[in-house]
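A.B. asks: Structure file run36.csv (CSV, C-alpha atoms (C1' of nucleotides)) right here:
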```csv
chain,number,residue,atom,x,y,z
O,1,MET,CA,118.7,108.1,103.6
O,2,ALA,CA,118.3,111.8,104.2
O,3,ALA,CA,116.8,112.3,100.8
O,4,ALA,CA,114.5,109.4,101.4
O,5,ALA,CA,113.3,110.6,104.8
O,6,HIS,CA,112.7,114.1,103.4
O,7,LEU,CA,110.5,112.7,100.6
O,8,PHE,CA,108.8,110.1,102.8
O,9,ASN,CA,107.7,112.9,105.0
O,10,GLN,CA,106.5,115.1,102.2
O,11,ARG,CA,104.5,112.6,100.2
O,12,GLY,CA,104.4,109.3,102.1
O,13,TYR,CA,106.0,106.0,101.3
O,14,ASP,CA,103.9,104.9,98.3
O,15,ALA,CA,103.9,108.3,96.5
O,16,THR,CA,107.7,108.5,96.7
O,17,SER,CA,109.4,106.5,94.0
O,18,MET,CA,112.9,105.2,94.0
O,19,ARG,CA,113.6,107.6,91.1
O,20,ASP,CA,112.5,110.6,93.2
O,21,ILE,CA,114.8,109.6,96.0
O,22,ALA,CA,117.7,108.9,93.7
O,23,ARG,CA,117.3,112.3,92.0
O,24,GLU,CA,117.5,114.1,95.3
O,25,ALA,CA,120.5,112.1,96.3
O,26,GLY,CA,122.3,112.8,93.0
O,27,MET,CA,122.2,109.4,91.4
O,28,LEU,CA,120.1,107.0,89.4
O,29,ALA,CA,117.4,104.7,90.7
O,30,GLY,CA,119.2,101.5,90.1
O,31,SER,CA,122.3,102.8,91.9
O,32,MET,CA,120.5,102.6,95.2
O,33,TYR,CA,120.3,98.9,95.1
O,34,TYR,CA,123.9,98.7,95.8
O,35,HIS,CA,123.2,100.2,99.3
O,36,PHE,CA,119.7,98.8,100.0
O,37,PRO,CA,118.3,95.5,98.7
O,38,SER,CA,114.8,96.8,98.4
O,39,LYS,CA,112.6,99.9,98.9
O,40,ASP,CA,111.1,98.3,102.0
O,41,ASP,CA,114.6,98.0,103.5
O,42,LEU,CA,115.2,101.6,102.8
O,43,ILE,CA,112.0,102.5,104.6
O,44,ILE,CA,112.9,100.4,107.6
O,45,ALA,CA,116.3,101.9,107.8
O,46,THR,CA,115.0,105.5,107.8
O,47,TYR,CA,112.3,104.5,110.4
O,48,GLU,CA,114.9,102.9,112.6
O,49,GLU,CA,117.1,106.0,112.4
O,50,GLY,CA,114.1,108.1,113.4
O,51,THR,CA,113.5,106.1,116.6
O,52,ARG,CA,117.2,106.1,117.4
O,53,LEU,CA,117.4,109.9,117.2
O,54,ILE,CA,114.3,110.5,119.3
O,55,SER,CA,115.2,107.9,121.9
O,56,GLU,CA,118.6,109.5,122.3
O,57,ALA,CA,117.0,113.0,122.7
O,58,VAL,CA,114.4,111.8,125.3
O,59,LEU,CA,116.9,109.8,127.3
O,60,GLU,CA,119.2,112.8,127.5
O,61,ALA,CA,116.4,115.1,128.5
O,62,ILE,CA,115.4,113.0,131.5
O,63,ASN,CA,118.9,112.2,132.5
O,64,GLY,CA,119.5,113.2,136.2
O,65,VAL,CA,115.8,114.2,136.8
O,66,THR,CA,114.2,112.2,139.6
O,67,ASP,CA,110.6,113.5,140.1
O,68,PRO,CA,108.4,111.2,138.0
O,69,TRP,CA,106.1,114.0,136.7
O,70,GLU,CA,109.1,116.2,135.9
O,71,ARG,CA,110.6,113.3,134.0
O,72,LEU,CA,107.4,112.8,131.9
O,73,ASP,CA,107.3,116.5,131.3
O,74,ARG,CA,110.8,116.7,130.0
O,75,ALA,CA,110.3,113.6,127.9
O,76,ALA,CA,107.2,115.0,126.2
O,77,ALA,CA,109.0,118.3,125.5
O,78,ALA,CA,112.0,116.5,124.1
O,79,HIS,CA,109.8,114.3,122.0
O,80,MET,CA,108.1,117.3,120.4
O,81,GLU,CA,111.3,119.2,120.0
O,82,THR,CA,112.8,116.3,118.1
O,83,LEU,CA,109.8,115.7,115.9
O,84,PHE,CA,109.8,119.3,114.6
O,85,GLY,CA,113.4,120.2,115.2
O,86,GLY,CA,114.4,119.8,111.6
O,87,ASN,CA,115.5,116.2,111.6
O,88,ASN,CA,113.5,114.4,108.9
O,89,PHE,CA,113.7,111.0,110.4
O,90,SER,CA,111.9,111.0,113.7
O,91,ILE,CA,108.7,112.5,112.5
O,92,LEU,CA,108.2,109.4,110.4
O,93,LEU,CA,107.1,107.8,113.6
O,94,CYS,CA,103.9,109.7,113.4
O,95,GLY,CA,103.1,108.2,110.0
O,96,ASP,CA,100.1,106.0,109.4
O,97,ILE,CA,101.5,102.5,110.0
O,98,SER,CA,98.3,100.7,110.2
O,99,ARG,CA,97.5,100.9,106.5
O,100,THR,CA,100.9,99.8,105.1
O,101,ALA,CA,101.4,96.4,103.6
O,102,PRO,CA,101.4,93.7,106.3
O,103,ALA,CA,105.0,92.5,105.7
O,104,LEU,CA,106.4,96.0,106.2
O,105,ARG,CA,103.9,96.9,108.9
O,106,ILE,CA,105.1,94.1,111.2
O,107,ARG,CA,108.6,95.4,111.1
O,108,LEU,CA,107.7,99.0,111.7
O,109,VAL,CA,105.3,98.2,114.5
O,110,GLU,CA,108.2,96.3,116.1
O,111,ILE,CA,110.4,99.3,115.9
O,112,ARG,CA,107.9,101.8,117.2
O,113,ASP,CA,107.0,99.5,120.1
O,114,SER,CA,110.6,99.6,121.3
O,115,TYR,CA,110.3,103.4,121.6
O,116,ASP,CA,106.9,103.3,123.2
O,117,GLU,CA,108.4,101.2,125.9
O,118,LEU,CA,110.4,104.2,127.0
O,119,PHE,CA,107.2,106.1,127.8
O,120,ASN,CA,105.8,103.1,129.3
O,121,SER,CA,108.4,103.0,132.0
O,122,LEU,CA,108.0,106.7,132.6
O,123,ILE,CA,104.3,106.3,133.2
O,124,GLU,CA,104.7,103.2,135.4
O,125,ALA,CA,106.7,105.4,137.7
O,126,LEU,CA,103.9,107.8,138.3
O,127,PRO,CA,101.9,107.7,141.6
O,128,LEU,CA,98.5,106.9,139.9
O,129,PRO,CA,95.0,106.3,141.3
O,130,ASP,CA,94.1,102.6,141.3
O,131,ASP,CA,91.4,103.0,138.7
O,132,VAL,CA,93.7,104.4,136.0
O,133,ASP,CA,95.0,102.1,133.3
O,134,PRO,CA,98.7,103.1,132.7
O,135,THR,CA,98.5,101.7,129.2
O,136,LEU,CA,95.6,103.8,128.2
O,137,LEU,CA,97.2,106.8,129.8
O,138,ARG,CA,100.3,106.2,127.7
O,139,LEU,CA,98.3,105.9,124.5
O,140,SER,CA,96.4,109.0,125.3
O,141,LEU,CA,99.5,111.0,125.8
O,142,LEU,CA,101.3,109.6,122.7
O,143,GLY,CA,98.2,110.3,120.7
O,144,SER,CA,98.1,113.9,121.7
O,145,LEU,CA,101.8,114.3,121.0
O,146,ASN,CA,101.9,112.4,117.7
O,147,TRP,CA,98.7,113.7,116.3
O,148,SER,CA,100.4,117.1,116.3
O,149,SER,CA,102.2,116.1,113.1
O,150,SER,CA,98.9,116.7,111.4
O,151,TRP,CA,98.4,120.2,112.5
O,152,TYR,CA,101.6,121.7,113.9
O,153,ARG,CA,103.0,124.7,112.0
O,154,PRO,CA,105.9,126.9,113.3
O,155,GLY,CA,105.0,130.3,114.6
O,156,GLY,CA,102.8,129.7,117.6
O,157,GLN,CA,103.8,127.9,120.7
O,158,THR,CA,107.1,126.0,120.5
O,159,PRO,CA,107.0,122.2,120.3
O,160,GLU,CA,108.4,122.0,123.9
O,161,GLN,CA,105.7,124.2,125.2
O,162,ILE,CA,103.0,122.1,123.6
O,163,GLY,CA,104.5,118.9,124.9
O,164,SER,CA,104.7,120.3,128.4
O,165,PHE,CA,101.1,121.6,128.2
O,166,PHE,CA,99.8,118.2,127.3
O,167,VAL,CA,101.5,116.6,130.3
O,168,ARG,CA,100.2,119.4,132.5
O,169,LEU,CA,96.6,118.7,131.3
O,170,LEU,CA,96.9,115.1,132.4
O,171,ARG,CA,98.5,115.9,135.7
O,172,ASP,CA,96.3,118.8,136.9
O,173,GLY,CA,93.0,118.4,135.1
O,174,LEU,CA,90.6,121.2,134.2
O,175,LYS,CA,87.7,121.0,136.5
O,176,ASP,CA,86.8,124.4,137.6
O,177,LYS,CA,88.1,125.0,141.1
O,178,SER,CA,86.7,128.4,141.7
R,179,MET,CA,81.6,103.5,97.8
R,180,ALA,CA,81.4,100.8,100.5
R,181,ALA,CA,84.0,98.7,98.7
R,182,ALA,CA,86.2,101.7,98.3
R,183,ALA,CA,86.0,102.7,102.0
R,184,HIS,CA,86.7,99.1,103.0
R,185,LEU,CA,89.9,98.9,100.9
R,186,PHE,CA,91.0,102.5,101.7
R,187,ASN,CA,91.0,101.5,105.4
R,188,GLN,CA,92.8,98.3,104.9
R,189,ARG,CA,95.6,99.5,102.6
R,190,GLY,CA,95.4,103.2,102.2
R,191,TYR,CA,94.6,105.3,99.2
R,192,ASP,CA,97.7,104.8,97.1
R,193,ALA,CA,97.9,101.1,97.6
R,194,THR,CA,94.3,100.6,96.6
R,195,SER,CA,93.8,100.5,92.8
R,196,MET,CA,90.6,101.2,90.9
R,197,ARG,CA,90.8,97.6,89.8
R,198,ASP,CA,90.8,96.4,93.4
R,199,ILE,CA,87.7,98.5,94.2
R,200,ALA,CA,85.9,97.4,91.1
R,201,ARG,CA,86.5,93.8,91.8
R,202,GLU,CA,85.1,94.1,95.3
R,203,ALA,CA,82.1,96.0,93.8
R,204,GLY,CA,81.5,93.3,91.2
R,205,MET,CA,82.5,95.3,88.1
R,206,LEU,CA,85.4,96.4,86.0
R,207,ALA,CA,87.7,99.3,86.6
R,208,GLY,CA,86.5,101.4,83.7
R,209,SER,CA,82.9,101.1,84.8
R,210,MET,CA,83.5,103.2,87.8
R,211,TYR,CA,84.2,106.3,85.7
R,212,TYR,CA,80.5,106.4,84.9
R,213,HIS,CA,79.8,107.2,88.6
R,214,PHE,CA,82.9,109.1,89.6
R,215,PRO,CA,85.0,111.3,87.3
R,216,SER,CA,88.3,110.4,89.0
R,217,LYS,CA,89.8,108.4,91.8
R,218,ASP,CA,90.3,111.6,93.8
R,219,ASP,CA,86.6,112.3,93.5
R,220,LEU,CA,85.8,108.8,94.8
R,221,ILE,CA,88.2,109.4,97.8
R,222,ILE,CA,86.6,112.7,98.6
R,223,ALA,CA,83.1,111.2,98.4
R,224,THR,CA,84.0,108.4,100.9
R,225,TYR,CA,85.7,110.9,103.2
R,226,GLU,CA,82.6,113.1,103.1
R,227,GLU,CA,80.3,110.3,103.9
R,228,GLY,CA,82.6,109.4,106.9
R,229,THR,CA,82.3,112.9,108.4
R,230,ARG,CA,78.5,112.9,107.7
R,231,LEU,CA,78.0,109.7,109.6
R,232,ILE,CA,80.2,110.6,112.6
R,233,SER,CA,78.7,114.1,112.8
R,234,GLU,CA,75.2,112.7,112.9
R,235,ALA,CA,76.2,110.2,115.6
R,236,VAL,CA,77.8,112.8,117.8
R,237,LEU,CA,75.0,115.3,117.4
R,238,GLU,CA,72.5,112.7,118.4
R,239,ALA,CA,74.5,111.7,121.4
R,240,ILE,CA,74.7,115.2,122.9
R,241,ASN,CA,71.1,116.1,122.0
R,242,GLY,CA,69.2,117.2,125.1
R,243,VAL,CA,72.3,117.1,127.4
R,244,THR,CA,73.1,120.4,129.0
R,245,ASP,CA,76.1,120.0,131.3
R,246,PRO,CA,79.2,121.0,129.3
R,247,TRP,CA,81.5,118.3,130.6
R,248,GLU,CA,78.7,115.7,130.2
R,249,ARG,CA,78.3,116.8,126.6
R,250,LEU,CA,82.0,116.4,125.8
R,251,ASP,CA,82.0,113.0,127.5
R,252,ARG,CA,79.0,111.8,125.4
R,253,ALA,CA,80.6,113.3,122.2
R,254,ALA,CA,83.9,111.5,122.8
R,255,ALA,CA,82.1,108.2,123.4
R,256,ALA,CA,80.0,108.5,120.3
R,257,HIS,CA,83.0,109.5,118.3
R,258,MET,CA,84.8,106.4,119.3
R,259,GLU,CA,81.8,104.2,118.9
R,260,THR,CA,81.3,105.4,115.4
R,261,LEU,CA,85.0,105.0,114.5
R,262,PHE,CA,85.0,101.3,115.4
R,263,GLY,CA,81.3,100.4,115.1
R,264,GLY,CA,81.7,98.7,111.8
R,265,ASN,CA,81.0,101.6,109.4
R,266,ASN,CA,84.0,101.8,107.1
R,267,PHE,CA,83.7,105.4,106.3
R,268,SER,CA,84.2,107.4,109.5
R,269,ILE,CA,87.5,105.9,110.4
R,270,LEU,CA,89.0,107.3,107.2
R,271,LEU,CA,89.1,110.6,109.2
R,272,CYS,CA,92.0,109.1,111.2
R,273,GLY,CA,94.0,108.7,108.1
R,274,ASP,CA,97.2,110.6,107.4
R,275,ILE,CA,96.1,113.5,105.4
R,276,SER,CA,99.3,115.6,105.7
R,277,ARG,CA,101.2,113.3,103.3
R,278,THR,CA,98.7,113.2,100.4
R,279,ALA,CA,99.0,115.1,97.2
R,280,PRO,CA,98.3,118.9,97.8
R,281,ALA,CA,95.3,119.1,95.5
R,282,LEU,CA,93.6,116.3,97.3
R,283,ARG,CA,94.8,117.3,100.7
R,284,ILE,CA,93.2,120.7,100.5
R,285,ARG,CA,89.8,119.2,99.9
R,286,LEU,CA,90.2,116.7,102.7
R,287,VAL,CA,91.4,119.2,105.3
R,288,GLU,CA,88.4,121.3,104.5
R,289,ILE,CA,86.1,118.5,105.2
R,290,ARG,CA,87.8,117.4,108.4
R,291,ASP,CA,87.9,121.0,109.7
R,292,SER,CA,84.1,121.2,109.3
R,293,TYR,CA,83.8,118.2,111.7
R,294,ASP,CA,86.5,119.5,114.1
R,295,GLU,CA,84.3,122.7,114.5
R,296,LEU,CA,81.8,120.6,116.3
R,297,PHE,CA,84.3,119.7,119.0
R,298,ASN,CA,85.5,123.3,119.0
R,299,SER,CA,82.1,124.5,120.2
R,300,LEU,CA,81.8,121.8,122.8
R,301,ILE,CA,85.1,122.9,124.3
R,302,GLU,CA,84.4,126.6,124.1
R,303,ALA,CA,81.4,125.9,126.4
R,304,LEU,CA,83.6,124.5,129.2
R,305,PRO,CA,84.4,126.5,132.3
R,306,LEU,CA,88.2,126.7,131.7
R,307,PRO,CA,91.0,128.3,133.6
R,308,ASP,CA,92.3,131.4,131.9
R,309,ASP,CA,95.7,130.0,131.0
R,310,VAL,CA,94.3,127.1,129.0
R,311,ASP,CA,94.2,127.5,125.2
R,312,PRO,CA,90.9,125.9,124.1
R,313,THR,CA,92.4,125.1,120.6
R,314,LEU,CA,95.3,123.2,122.1
R,315,LEU,CA,92.9,121.4,124.4
R,316,ARG,CA,90.8,120.3,121.4
R,317,LEU,CA,93.8,119.1,119.5
R,318,SER,CA,95.0,117.1,122.5
R,319,LEU,CA,91.7,115.4,122.9
R,320,LEU,CA,91.2,114.7,119.2
R,321,GLY,CA,94.8,113.4,119.1
R,322,SER,CA,94.1,110.9,121.9
R,323,LEU,CA,90.9,109.8,120.3
R,324,ASN,CA,92.0,109.5,116.7
R,325,TRP,CA,95.4,108.0,117.4
R,326,SER,CA,93.4,105.0,118.7
R,327,SER,CA,93.0,103.9,115.1
R,328,SER,CA,96.6,102.8,115.2
R,329,TRP,CA,96.3,100.6,118.3
R,330,TYR,CA,92.7,99.7,119.0
R,331,ARG,CA,91.7,96.1,118.8
R,332,PRO,CA,88.3,94.7,119.9
R,333,GLY,CA,88.3,92.7,123.1
R,334,GLY,CA,89.4,95.1,125.8
R,335,GLN,CA,87.5,98.1,126.9
R,336,THR,CA,84.8,99.3,124.6
R,337,PRO,CA,85.4,102.3,122.4
R,338,GLU,CA,82.9,104.3,124.4
R,339,GLN,CA,84.7,103.5,127.6
R,340,ILE,CA,88.0,104.6,126.1
R,341,GLY,CA,86.5,107.9,124.9
R,342,SER,CA,85.0,108.6,128.2
R,343,PHE,CA,88.2,107.8,130.0
R,344,PHE,CA,90.2,110.3,127.9
R,345,VAL,CA,87.7,113.0,128.7
R,346,ARG,CA,87.9,112.1,132.4
R,347,LEU,CA,91.6,112.3,132.3
R,348,LEU,CA,91.4,115.9,131.1
R,349,ARG,CA,88.7,116.9,133.5
R,350,ASP,CA,90.0,115.4,136.7
R,351,GLY,CA,93.7,115.1,136.2
R,352,LEU,CA,96.0,112.6,137.9
R,353,LYS,CA,97.9,114.4,140.6
R,354,ASP,CA,98.0,112.2,143.7
R,355,LYS,CA,95.5,113.6,146.1
R,356,SER,CA,96.2,111.2,149.0
N,357,DT,C1',152.1,98.5,86.7
N,358,DT,C1',148.6,95.4,87.6
N,359,DT,C1',144.9,94.0,90.3
N,360,DT,C1',141.0,94.6,93.2
N,361,DC,C1',137.1,96.6,95.0
N,362,DC,C1',133.8,100.1,95.7
N,363,DC,C1',130.3,102.9,93.7
N,364,DC,C1',127.7,104.3,90.1
N,365,DC,C1',125.6,104.5,85.2
N,366,DA,C1',122.7,103.1,81.3
N,367,DA,C1',119.4,100.4,79.7
N,368,DA,C1',116.0,97.4,80.0
N,369,DC,C1',112.3,94.4,82.3
N,370,DA,C1',107.5,92.9,83.4
N,371,DA,C1',103.9,94.4,86.0
N,372,DA,C1',100.6,97.7,87.5
N,373,DC,C1',98.7,102.2,87.4
N,374,DG,C1',94.6,105.8,86.2
N,375,DT,C1',92.0,106.7,82.5
N,376,DT,C1',89.7,106.6,77.8
N,377,DT,C1',87.3,104.7,74.1
N,378,DA,C1',83.9,102.1,71.5
N,379,DT,C1',80.5,98.9,72.1
N,380,DT,C1',76.6,96.3,74.2
N,381,DG,C1',72.5,94.6,76.6
N,382,DC,C1',68.5,96.4,78.8
N,383,DA,C1',64.9,98.9,80.6
N,384,DG,C1',61.3,102.0,79.7
N,385,DT,C1',58.6,105.4,76.6
N,386,DG,C1',56.4,107.5,72.5
V,387,DC,C1',58.4,99.3,66.3
V,388,DA,C1',61.9,102.8,66.9
V,389,DC,C1',64.2,105.6,70.2
V,390,DT,C1',66.4,107.1,74.5
V,391,DG,C1',69.3,107.0,78.4
V,392,DC,C1',71.5,104.0,81.8
V,393,DA,C1',75.1,101.0,83.3
V,394,DA,C1',78.2,98.0,82.4
V,395,DT,C1',81.9,95.4,79.4
V,396,DA,C1',86.2,94.7,76.8
V,397,DA,C1',90.2,96.3,75.3
V,398,DA,C1',93.6,99.4,74.9
V,399,DC,C1',96.2,103.9,75.9
V,400,DG,C1',100.6,106.0,77.7
V,401,DT,C1',103.0,106.3,81.9
V,402,DT,C1',105.2,105.0,86.0
V,403,DT,C1',106.5,101.5,89.2
V,404,DG,C1',110.3,98.5,91.8
V,405,DT,C1',113.9,95.9,90.3
V,406,DT,C1',117.7,93.5,87.5
V,407,DT,C1',121.6,93.3,84.5
V,408,DG,C1',126.1,94.2,82.6
V,409,DG,C1',129.5,97.2,82.4
V,410,DG,C1',132.8,101.0,83.5
V,411,DG,C1',135.7,104.4,85.9
V,412,DG,C1',138.6,105.7,89.6
V,413,DA,C1',141.1,105.1,93.8
V,414,DA,C1',143.6,102.1,96.7
V,415,DA,C1',146.3,97.9,97.4
V,416,DA,C1',149.5,94.5,95.6
```
In C-alpha cells, write the structure found in this file.

C.D. replies:
Amino acid sequence: MAAAAHLFNQRGYDATSMRDIAREAGMLAGSMYYHFPSKDDLIIATYEEGTRLISEAVLEAINGVTDPWERLDRAAAAHMETLFGGNNFSILLCGDISRTAPALRIRLVEIRDSYDELFNSLIEALPLPDDVDPTLLRLSLLGSLNWSSSWYRPGGQTPEQIGSFFVRLLRDGLKDKS
Amino acid sequence: MAAAAHLFNQRGYDATSMRDIAREAGMLAGSMYYHFPSKDDLIIATYEEGTRLISEAVLEAINGVTDPWERLDRAAAAHMETLFGGNNFSILLCGDISRTAPALRIRLVEIRDSYDELFNSLIEALPLPDDVDPTLLRLSLLGSLNWSSSWYRPGGQTPEQIGSFFVRLLRDGLKDKS
DNA sequence: TTTTCCCCCAAACAAACGTTTATTGCAGTG
DNA sequence: CACTGCAATAAACGTTTGTTTGGGGGAAAA
C-alpha cells in the first residue's frame, strides 16, 4: 500500500500499473491479487488510509481548543502539515476525483465526504453573518487548502503557516483600513 | 478538438483513447494523425484553447472597470462563468496537472502560468496590508475558484455569484462585528 | 513426520493502447 | 486529360494493460 500510494501520487492512478507497484513492493504483479481483489480495491484502500491519517491529525490538533476560530485555524494547519508531512496517503485526497470512472468515483466521493464533514462542523460553530452560506465557506477554504497540492514546494512558508494564513484571510478580510 | 475536450473533461486524459475521440468526431483513430502529430499535441492544443477562451472572457469583463476590488470581483465572476458556461475547453485548466507525465506537464504548466499572470496583476493592484503575501493571496483565490470543478452542479447559485462571493470573503472577512 | 496454510512466483490471457503504413476517393488546377 | 494535395479509411504493428491460473516453498500446527 505504501508503494501504491507513492506511485499514485507521482503519476496518478491510470498511469500507475500493477507491475509498477509490484516492482516497488518487491514482488510480481500477480502476487498482489492475493491481498487485493482488484486495482480499484487497492486504490480505495490507499484513499481510505489517507483520510484516516488526516482525520486523526486534525482531531488531535483541535482537541481541547474551545474558541471556534482557533479551532478552524488549528485544523487548517494540521490539514496542511499532514498533506505535505511525508505521508504519501493523505495527499491523495487532493487528487482529481471528478474524472475517474463512475464506479470508482462513487466510492471515493463517499470517503472524502466523510472527512469534509469534519470541517463542516468546525464551520457551523463559527459566529457568522446571516448572509454567509456555511457550505460555500467550507468549499472555499478546502479549495484554497487542497489546491496547494498543485503548487506547494518545500522551502518557503511551512504548510502550517500557509493553512493558518488562509484562515486568517477569511476571518479578517483585506479591505484597507487605513 | 471539441470531441477531445469533451472526453478529456469526462474521463481524464489517460482514460480517453484516440479511438474514443475519433469515434465522437466521426472518423477513425489513425485519421487524427493527419491533424495532430501525437496525443500529447492534441492535449496541449485543447489546453491552449481553454486558456485562450477564459483569458478573453476575463479581459473583456474587466475592460473599463477601474476600482481594483471591482476588477477582481468581475474577473472571478467571469472566470467561473467561463468554466461552467458550456465551453468544454476552459475547465481543463482545473485538471490535475501535477500527476501527468513530466514532458507533458512542463508544457501545460507553462500555459497555465501565462493565465495565472493575469490574476497576479489584478492582485498586485489591490491596496493590501504589508504583511499579506500577494502570491499566497492569488493561490488562495484561484484554489477556491478552481476547486469548484470538483463540486459544482447547476441548480444552486450561479457560477458568477459563487465567484463574487469568494472575492467578497477575502475583501470583507467574517469576524463578527456585532 | 505429516499436514496445513500463508504468501508468492511464473506464465499466460484477452483486450486495449498509441502509432504507422499503404491505399483510396475527391476536389481543384494546368 | 493528367496531375497535385487533402483528408480519410482499413489494417496492422509492437507494447502494455488488468487479471487469472496452477503450482511451489517454507513455516507453523498436528

A.B. asks: For the atom pair atom CA of Glu259 of chain R and atom CA of Arg349 of chain R, what is the interatomic distance in Å to one decimal place?

C.D. replies: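 Interatomic distance, atom CA of Glu259 of chain R to atom CA of Arg349 of chain R: 20.5 Å.
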
A.B. asks: Give me the residues within 10 Å of Phe343 of chain R as a compact mmCIF listing (two decimals) with C-alpha atoms, in the frame of the given file, counting all atoms listed in the file and dropping any in the same chain fewer than 6 places off.

C.D. replies:
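Result written to part-v8.txt:
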```
# COMPACT_ATOMS: atom_id res chain seq x y z
CA VAL O 132 93.70 104.40 136.00
CA ASP O 133 95.00 102.10 133.30
CA LEU O 136 95.60 103.80 128.20
CA LEU O 137 97.20 106.80 129.80
CA SER O 140 96.40 109.00 125.30
CA ASP R 251 82.00 113.00 127.50
CA ALA R 254 83.90 111.50 122.80
CA ALA R 255 82.10 108.20 123.40
CA PRO R 337 85.40 102.30 122.40
CA ARG R 349 88.70 116.90 133.50
```

A.B. asks: Using all atoms listed in the file, which residue out of R:Leu348, R:Pro215, R:Ser276, R:Thr194 lies closest to DT375 of chain N?

C.D. replies: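 Checking each of R:Leu348, R:Pro215, R:Ser276, R:Thr194 against DT375 of chain N, counting all atoms listed in the file, the winner is R:Pro215.
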
A.B. asks: I need the contact residues of chain V against chain R, so if you could list those with any atom within 9 Å, counting only C-alpha atoms (C1' of nucleotides), and return them as a ChimeraX atom specification, that would help.

C.D. replies: /V:393-395

A.B. asks: May I ask for the distance between atom CA of Glu117 of chain O and atom CA of Leu270 of chain R, given in Å to one decimal place?

C.D. replies: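 It comes out at 27.6 Å.
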
A.B. asks: Rounded to one decimal place, report the atom CA of Asn187 of chain R-atom CA of Cys94 of chain O distance in Å.

C.D. replies: 17.3 Å

A.B. asks: For DT359 of chain N, please output as a list in words all residues within 12 Å (counting all atoms listed in the file; exclusion window: fewer than 3 positions along the same chain).

C.D. replies: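 Selected residues are DA414, DA415 and DA416 of chain V.
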
A.B. asks: Using only C-alpha atoms, find each residue of chain R with at least one atom at most 8 Å away from an atom of chain O; report its shortest atom-to-atom pair and that distance in Å (one decimal), sort the rows by chain and rising residue number, and return the result as JSON lines.

C.D. replies:
```
{"residue": "R:Asn187", "atom": "CA", "partner": "O:Arg99", "partner_atom": "CA", "distance": 6.6}
{"residue": "R:Gln188", "atom": "CA", "partner": "O:Arg99", "partner_atom": "CA", "distance": 5.6}
{"residue": "R:Arg189", "atom": "CA", "partner": "O:Arg99", "partner_atom": "CA", "distance": 4.6}
{"residue": "R:Gly190", "atom": "CA", "partner": "O:Arg99", "partner_atom": "CA", "distance": 5.3}
{"residue": "R:Asp192", "atom": "CA", "partner": "O:Asp14", "partner_atom": "CA", "distance": 6.3}
{"residue": "R:Ala193", "atom": "CA", "partner": "O:Asp14", "partner_atom": "CA", "distance": 7.1}
{"residue": "R:Gly273", "atom": "CA", "partner": "O:Asp96", "partner_atom": "CA", "distance": 6.8}
{"residue": "R:Asp274", "atom": "CA", "partner": "O:Asp96", "partner_atom": "CA", "distance": 5.8}
{"residue": "R:Ile275", "atom": "CA", "partner": "O:Ser150", "partner_atom": "CA", "distance": 7.4}
{"residue": "R:Ser276", "atom": "CA", "partner": "O:Ser150", "partner_atom": "CA", "distance": 5.8}
{"residue": "R:Arg277", "atom": "CA", "partner": "O:Arg11", "partner_atom": "CA", "distance": 4.6}
{"residue": "R:Thr278", "atom": "CA", "partner": "O:Arg11", "partner_atom": "CA", "distance": 5.8}
{"residue": "R:Ala279", "atom": "CA", "partner": "O:Arg11", "partner_atom": "CA", "distance": 6.7}
{"residue": "R:Pro305", "atom": "CA", "partner": "O:Asp176", "partner_atom": "CA", "distance": 6.2}
{"residue": "R:Leu306", "atom": "CA", "partner": "O:Asp176", "partner_atom": "CA", "distance": 6.5}
{"residue": "R:Pro307", "atom": "CA", "partner": "O:Asp176", "partner_atom": "CA", "distance": 7.0}
{"residue": "R:Leu314", "atom": "CA", "partner": "O:Ile162", "partner_atom": "CA", "distance": 7.9}
{"residue": "R:Leu317", "atom": "CA", "partner": "O:Ser144", "partner_atom": "CA", "distance": 7.1}
{"residue": "R:Ser318", "atom": "CA", "partner": "O:Ser144", "partner_atom": "CA", "distance": 4.5}
{"residue": "R:Leu319", "atom": "CA", "partner": "O:Ser144", "partner_atom": "CA", "distance": 6.7}
{"residue": "R:Leu320", "atom": "CA", "partner": "O:Ser144", "partner_atom": "CA", "distance": 7.4}
{"residue": "R:Gly321", "atom": "CA", "partner": "O:Ser144", "partner_atom": "CA", "distance": 4.2}
{"residue": "R:Ser322", "atom": "CA", "partner": "O:Gly143", "partner_atom": "CA", "distance": 4.3}
{"residue": "R:Leu323", "atom": "CA", "partner": "O:Gly143", "partner_atom": "CA", "distance": 7.3}
{"residue": "R:Asn324", "atom": "CA", "partner": "O:Gly143", "partner_atom": "CA", "distance": 7.4}
{"residue": "R:Trp325", "atom": "CA", "partner": "O:Gly143", "partner_atom": "CA", "distance": 4.9}
{"residue": "R:Ser326", "atom": "CA", "partner": "O:Gly143", "partner_atom": "CA", "distance": 7.4}
{"residue": "R:Ser327", "atom": "CA", "partner": "O:Ser98", "partner_atom": "CA", "distance": 7.9}
{"residue": "R:Ser328", "atom": "CA", "partner": "O:Ser98", "partner_atom": "CA", "distance": 5.7}
{"residue": "R:Ile340", "atom": "CA", "partner": "O:Leu136", "partner_atom": "CA", "distance": 7.9}
{"residue": "R:Phe344", "atom": "CA", "partner": "O:Ser140", "partner_atom": "CA", "distance": 6.8}
{"residue": "R:Leu347", "atom": "CA", "partner": "O:Leu170", "partner_atom": "CA", "distance": 6.0}
{"residue": "R:Leu348", "atom": "CA", "partner": "O:Gly173", "partner_atom": "CA", "distance": 5.0}
{"residue": "R:Arg349", "atom": "CA", "partner": "O:Leu174", "partner_atom": "CA", "distance": 4.8}
{"residue": "R:Asp350", "atom": "CA", "partner": "O:Gly173", "partner_atom": "CA", "distance": 4.5}
{"residue": "R:Gly351", "atom": "CA", "partner": "O:Gly173", "partner_atom": "CA", "distance": 3.5}
{"residue": "R:Leu352", "atom": "CA", "partner": "O:Arg171", "partner_atom": "CA", "distance": 4.7}
{"residue": "R:Lys353", "atom": "CA", "partner": "O:Arg171", "partner_atom": "CA", "distance": 5.2}
{"residue": "R:Asp354", "atom": "CA", "partner": "O:Pro127", "partner_atom": "CA", "distance": 6.3}
```

A.B. asks: Could you list, as a VMD selection string, every residue of chain N that has an atom within 8 Å of an atom of chain O, counting all atoms listed in the file?

C.D. replies: chain N and resid 363 to 365

A.B. asks: Can you pull out every residue within 7 Å of Leu231 of chain R, counting all atoms listed in the file, but drop anything in the same chain fewer than 4 positions away, and send it as a ChimeraX atom specification?

C.D. replies: /R:227,235,268
